[in-house]
Amino acid sequence: MTTTTQRSIAIYSVAAAVLTIPFIGMQVSKEVNWTFSDFMIGGVLLFGTAFLIDIILRKTTKISAKIFYIAFALLALFLIWAELAVGIFGSPFAGS
């Protein structure tokens with residue numbers, strides 16, 4: 001049985017682990033080229049989503065509602081990340 005604190009640490013650890021992937025990639029390849037602002041934006045997106053998931057897990061009681069809200073939060077994260085990376089919607093702030 002995990003406590004609320006252990007669950008929160010796990011959620012934020014996943015966000016930190018995902019953010020370390022491009023950092024390690026920069027060390028081993030010249031093809032990964034992130035700037036400081038890229039890491040800041042990625043950190044805000046990942047830790048903001050982790051915070052939102054933590055709040056959803058704390059405040060929502062029904063399992064089906066938790067799954068729906070978390071899936072929606074992860075979908076929003078994916079779409080924003082993809083738009084910033086390659087510009088799938090062609091918005092003015094797209095990365096391509």
# chains A, B, ... in the order shown; residues from 1 in each chain; ligands from 1
$ residues_around --residues "range 73-88 of chain A" --least-positions-apart "6" --cutoff "10 Å" --atoms "only C-alpha atoms" --output "JSON, numbers by chain"
{"A": [38, 41, 42, 45, 46, 48, 49, 50, 52, 53, 56, 67, 94, 95, 96]}
$ select_by_dssp --residues "chain A" --states "alpha helix (DSSP H)" --output "number ranges by chain"
A: 4-28, 36-59, 63-86
$ closest_residue --among "A:Arg58, A:Phe51, A:Asn33, A:Gln27" --to "Val14 in chain A" --atoms "only C-alpha atoms"
A:Phe51
$ atom_distance --atom1 "CA of Tyr12 in chain A" --atom2 "CA of Leu57 in chain A"
13.3 Å
$ closest_residue --among "A:Phe72, A:Trp34, A:Ile24, A:Ser8" --to "Ile55 in chain A" --atoms "only C-alpha atoms"
A:Ser8
$ residues_around --residues "Phe39 in chain A" --least-positions-apart "6" --cutoff "12 Å" --atoms "only C-alpha atoms" --output "list in words"
Ala16, Val18, Leu19, Thr20, Ile21, Pro22, Phe23, Met26, Asn33, Leu45, Leu46 and Phe47 of chain A
